[in-house]
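Colleague: For reference, the file my_file_2.json (JSON, C-alpha atoms) is included below:
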```json
[["chain", "number", "residue", "atom", "x", "y", "z"],
["Y", 1, "MET", "CA", 250.05, 17.39, 6.02],
["Y", 2, "ASN", "CA", 252.36, 20.03, 4.53],
["Y", 3, "ALA", "CA", 255.94, 20.08, 5.74],
["Y", 4, "ILE", "CA", 257.43, 23.47, 6.46],
["Y", 5, "ARG", "CA", 260.37, 24.19, 4.18],
["Y", 6, "PRO", "CA", 262.96, 26.51, 5.64],
["Y", 7, "GLU", "CA", 264.45, 29.29, 3.54],
["Y", 8, "PHE", "CA", 267.92, 28.58, 4.95],
["Y", 9, "ILE", "CA", 269.49, 25.80, 6.99],
["Y", 10, "ARG", "CA", 272.53, 26.14, 9.24],
["Y", 11, "LEU", "CA", 275.62, 24.03, 9.02],
["Y", 12, "PRO", "CA", 275.30, 21.28, 11.64],
["Y", 13, "LYS", "CA", 277.41, 21.28, 14.77],
["Y", 14, "PRO", "CA", 280.77, 19.48, 14.55],
["Y", 15, "LYS", "CA", 280.54, 15.66, 14.63],
["Y", 16, "THR", "CA", 276.82, 15.74, 13.81],
["Y", 17, "GLN", "CA", 274.86, 15.36, 10.60],
["Y", 18, "CYS", "CA", 272.46, 17.72, 8.86],
["Y", 19, "PRO", "CA", 268.89, 16.64, 9.70],
["Y", 20, "VAL", "CA", 267.73, 17.59, 6.18],
["Y", 21, "THR", "CA", 270.41, 16.04, 3.93],
["Y", 22, "GLY", "CA", 272.30, 13.65, 6.20],
["Y", 23, "PHE", "CA", 275.61, 15.29, 5.24],
["Y", 24, "SER", "CA", 278.28, 15.82, 7.85],
["Y", 25, "ARG", "CA", 279.33, 19.38, 8.65],
["Y", 26, "THR", "CA", 282.46, 18.96, 6.52],
["Y", 27, "GLY", "CA", 280.54, 17.49, 3.59],
["Y", 28, "LEU", "CA", 278.02, 20.32, 3.57],
["Y", 29, "TYR", "CA", 280.79, 22.89, 4.08],
["Y", 30, "ASN", "CA", 282.71, 21.54, 1.07],
["Y", 31, "LEU", "CA", 279.55, 21.72, -1.02],
["Y", 32, "CYS", "CA", 278.38, 25.20, -0.02],
["Y", 33, "VAL", "CA", 281.26, 27.36, 1.21],
["Y", 34, "PRO", "CA", 284.08, 28.62, -1.04],
["Y", 35, "CYS", "CA", 287.13, 26.53, -0.06],
["Y", 36, "LYS", "CA", 290.08, 24.67, -1.54],
["Y", 37, "ALA", "CA", 288.08, 21.42, -1.73],
["Y", 38, "ASN", "CA", 285.66, 22.90, -4.28],
["Y", 39, "GLY", "CA", 288.12, 25.18, -6.09],
["Y", 40, "TYR", "CA", 286.58, 28.21, -4.36],
["Y", 41, "LYS", "CA", 283.45, 27.74, -6.52],
["Y", 42, "PRO", "CA", 280.74, 26.12, -4.39],
["Y", 43, "ALA", "CA", 277.90, 24.25, -6.09],
["Y", 44, "VAL", "CA", 275.39, 25.96, -3.77],
["Y", 45, "PRO", "CA", 276.61, 29.36, -2.53],
["Y", 46, "ALA", "CA", 275.99, 29.89, 1.19],
["Y", 47, "LYS", "CA", 275.89, 33.15, 3.14],
["Y", 48, "CYS", "CA", 277.81, 34.00, 6.30],
["Y", 49, "LEU", "CA", 275.88, 36.00, 8.87],
["Y", 50, "ARG", "CA", 278.43, 37.77, 11.03],
["Y", 51, "GLN", "CA", 278.23, 40.76, 13.33],
["Y", 52, "LYS", "CA", 280.62, 43.62, 12.74],
["Y", 53, "GLY", "CA", 283.91, 43.06, 14.54],
["Y", 54, "ASN", "CA", 283.43, 39.30, 15.01],
["Y", 55, "LEU", "CA", 285.76, 36.79, 13.40],
["Y", 56, "ARG", "CA", 283.17, 34.00, 13.33],
["Y", 57, "GLY", "CA", 279.69, 33.88, 11.98],
["Y", 58, "VAL", "CA", 276.84, 31.52, 11.15],
["Y", 59, "TRP", "CA", 276.84, 29.87, 7.72],
["Y", 60, "LEU", "CA", 273.37, 29.73, 6.19],
["Y", 61, "VAL", "CA", 272.70, 27.43, 3.23],
["Y", 62, "PRO", "CA", 269.70, 28.19, 0.98],
["Y", 63, "TYR", "CA", 267.36, 25.20, 1.18],
["Y", 64, "GLU", "CA", 265.76, 25.14, -2.29],
["Y", 65, "PRO", "CA", 269.02, 25.44, -4.32],
["Y", 66, "LEU", "CA", 270.64, 22.77, -2.12],
["Y", 67, "ILE", "CA", 267.79, 20.31, -2.65],
["Y", 68, "ALA", "CA", 267.66, 21.12, -6.39],
["Y", 69, "TYR", "CA", 271.40, 20.46, -6.70],
["Y", 70, "LEU", "CA", 271.12, 17.14, -4.85],
["Y", 71, "ARG", "CA", 268.18, 16.00, -7.00],
["Y", 72, "ALA", "CA", 270.11, 16.86, -10.18],
["Y", 73, "LEU", "CA", 273.05, 14.63, -9.25],
["Y", 74, "PRO", "CA", 273.30, 11.43, -11.28],
["Y", 75, "THR", "CA", 272.63, 8.11, -9.59],
["Y", 76, "PRO", "CA", 275.81, 6.00, -9.57],
["Y", 77, "GLY", "CA", 275.54, 2.69, -11.35],
["Y", 78, "LEU", "CA", 272.67, 3.69, -13.62],
["Y", 79, "LYS", "CA", 273.51, 4.04, -17.28],
["Y", 80, "LYS", "CA", 271.48, 5.96, -19.79],
["Y", 81, "GLU", "CA", 270.05, 3.80, -22.55],
["Y", 82, "LYS", "CA", 271.10, 4.65, -26.07],
["Y", 83, "ARG", "CA", 268.21, 5.18, -28.43],
["Y", 84, "ALA", "CA", 268.46, 4.35, -32.10]]
```
Would you mind writing the file out in structure tokens?

Modeller:
Amino acid sequence: MNAIRPEFIRLPKPKTQCPVTGFSRTGLYNLCVPCKANGYKPAVPAKCLRQKGNLRGVWLVPYEPLIAYLRALPTPGLKKEKRA
């Protein structure tokens, strides 16, 4: 059975985890939204959908770049073997 892959995922509600990645809201925010924690250069740029005149909006994270970034991360504890 094929799983449906969303184009974007929303940041999870406060004190909950993302159903796709398992990250907390803060963890995903620090990864995807320009902020002090990531030097204002997010690894996966997210988009804010906000209506004109509103101060708050909905942060949408692109699914494919997020998953690609997570898969590219090195596994801690594994060392690359040196070849002669």

Colleague: Determine, counting only C-alpha atoms, which protein, DNA and RNA residues have an atom within 12 Å of an atom of region 5-19 of chain Y; residues of the same chain fewer than 5 positions away are not included. Present the result as an mmCIF file with C-alpha atoms, in the coordinates of the input.

Modeller:
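Listed below is the output, around_13.cif:
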```
data_model
loop_
_atom_site.group_PDB
_atom_site.id
_atom_site.type_symbol
_atom_site.label_atom_id
_atom_site.label_comp_id
_atom_site.auth_asym_id
_atom_site.auth_seq_id
_atom_site.Cartn_x
_atom_site.Cartn_y
_atom_site.Cartn_z
ATOM 1 C CA SER Y 24 278.280 15.820 7.850
ATOM 2 C CA ARG Y 25 279.330 19.380 8.650
ATOM 3 C CA THR Y 26 282.460 18.960 6.520
ATOM 4 C CA GLY Y 27 280.540 17.490 3.590
ATOM 5 C CA LEU Y 28 278.020 20.320 3.570
ATOM 6 C CA TYR Y 29 280.790 22.890 4.080
ATOM 7 C CA ASN Y 30 282.710 21.540 1.070
ATOM 8 C CA LEU Y 31 279.550 21.720 -1.020
ATOM 9 C CA CYS Y 32 278.380 25.200 -0.020
ATOM 10 C CA VAL Y 33 281.260 27.360 1.210
ATOM 11 C CA VAL Y 44 275.390 25.960 -3.770
ATOM 12 C CA PRO Y 45 276.610 29.360 -2.530
ATOM 13 C CA ALA Y 46 275.990 29.890 1.190
ATOM 14 C CA LYS Y 47 275.890 33.150 3.140
ATOM 15 C CA CYS Y 48 277.810 34.000 6.300
ATOM 16 C CA LEU Y 49 275.880 36.000 8.870
ATOM 17 C CA GLY Y 57 279.690 33.880 11.980
ATOM 18 C CA VAL Y 58 276.840 31.520 11.150
ATOM 19 C CA TRP Y 59 276.840 29.870 7.720
ATOM 20 C CA LEU Y 60 273.370 29.730 6.190
ATOM 21 C CA VAL Y 61 272.700 27.430 3.230
ATOM 22 C CA PRO Y 62 269.700 28.190 0.980
ATOM 23 C CA TYR Y 63 267.360 25.200 1.180
ATOM 24 C CA GLU Y 64 265.760 25.140 -2.290
ATOM 25 C CA PRO Y 65 269.020 25.440 -4.320
ATOM 26 C CA LEU Y 66 270.640 22.770 -2.120
ATOM 27 C CA ILE Y 67 267.790 20.310 -2.650
#
```

Colleague: Let me have the centre and edge lengths in Å, one decimal, of the box along x, y and z around every listed atom of region 3-17 of chain Y with 3 Å of margin on each side, as AutoDock Vina command-line options.

Modeller:
```
--center_x 268.4 --center_y 22.3 --center_z 9.2 --size_x 30.8 --size_y 19.9 --size_z 17.2
```

Colleague: Please measure the separation of CA of Lys52 (chain Y) and CA of Ala37 (chain Y), giving the value in Å to one decimal.

Modeller: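 Straight-line distance from CA of Lys52 (chain Y) to CA of Ala37 (chain Y) works out to 27.5 Å.
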
Colleague: I need the residue nearest Pro42 (chain Y) from this list: Y:Val20, Y:Pro76, Y:Tyr69, Y:Ala3. Use only C-alpha atoms for the distance.

Modeller: Y:Tyr69

Colleague: What's the separation between CA of Ala68 (chain Y) and CA of Thr21 (chain Y), in Å to one decimal place?

Modeller: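 Separating CA of Ala68 (chain Y) from CA of Thr21 (chain Y) is a distance of 11.8 Å.
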
Colleague: Mind pulling up the distance from CA of Cys35 (chain Y) to CA of Gly77 (chain Y)?

Modeller: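 Separating CA of Gly77 (chain Y) from CA of Cys35 (chain Y) is a distance of 28.8 Å.
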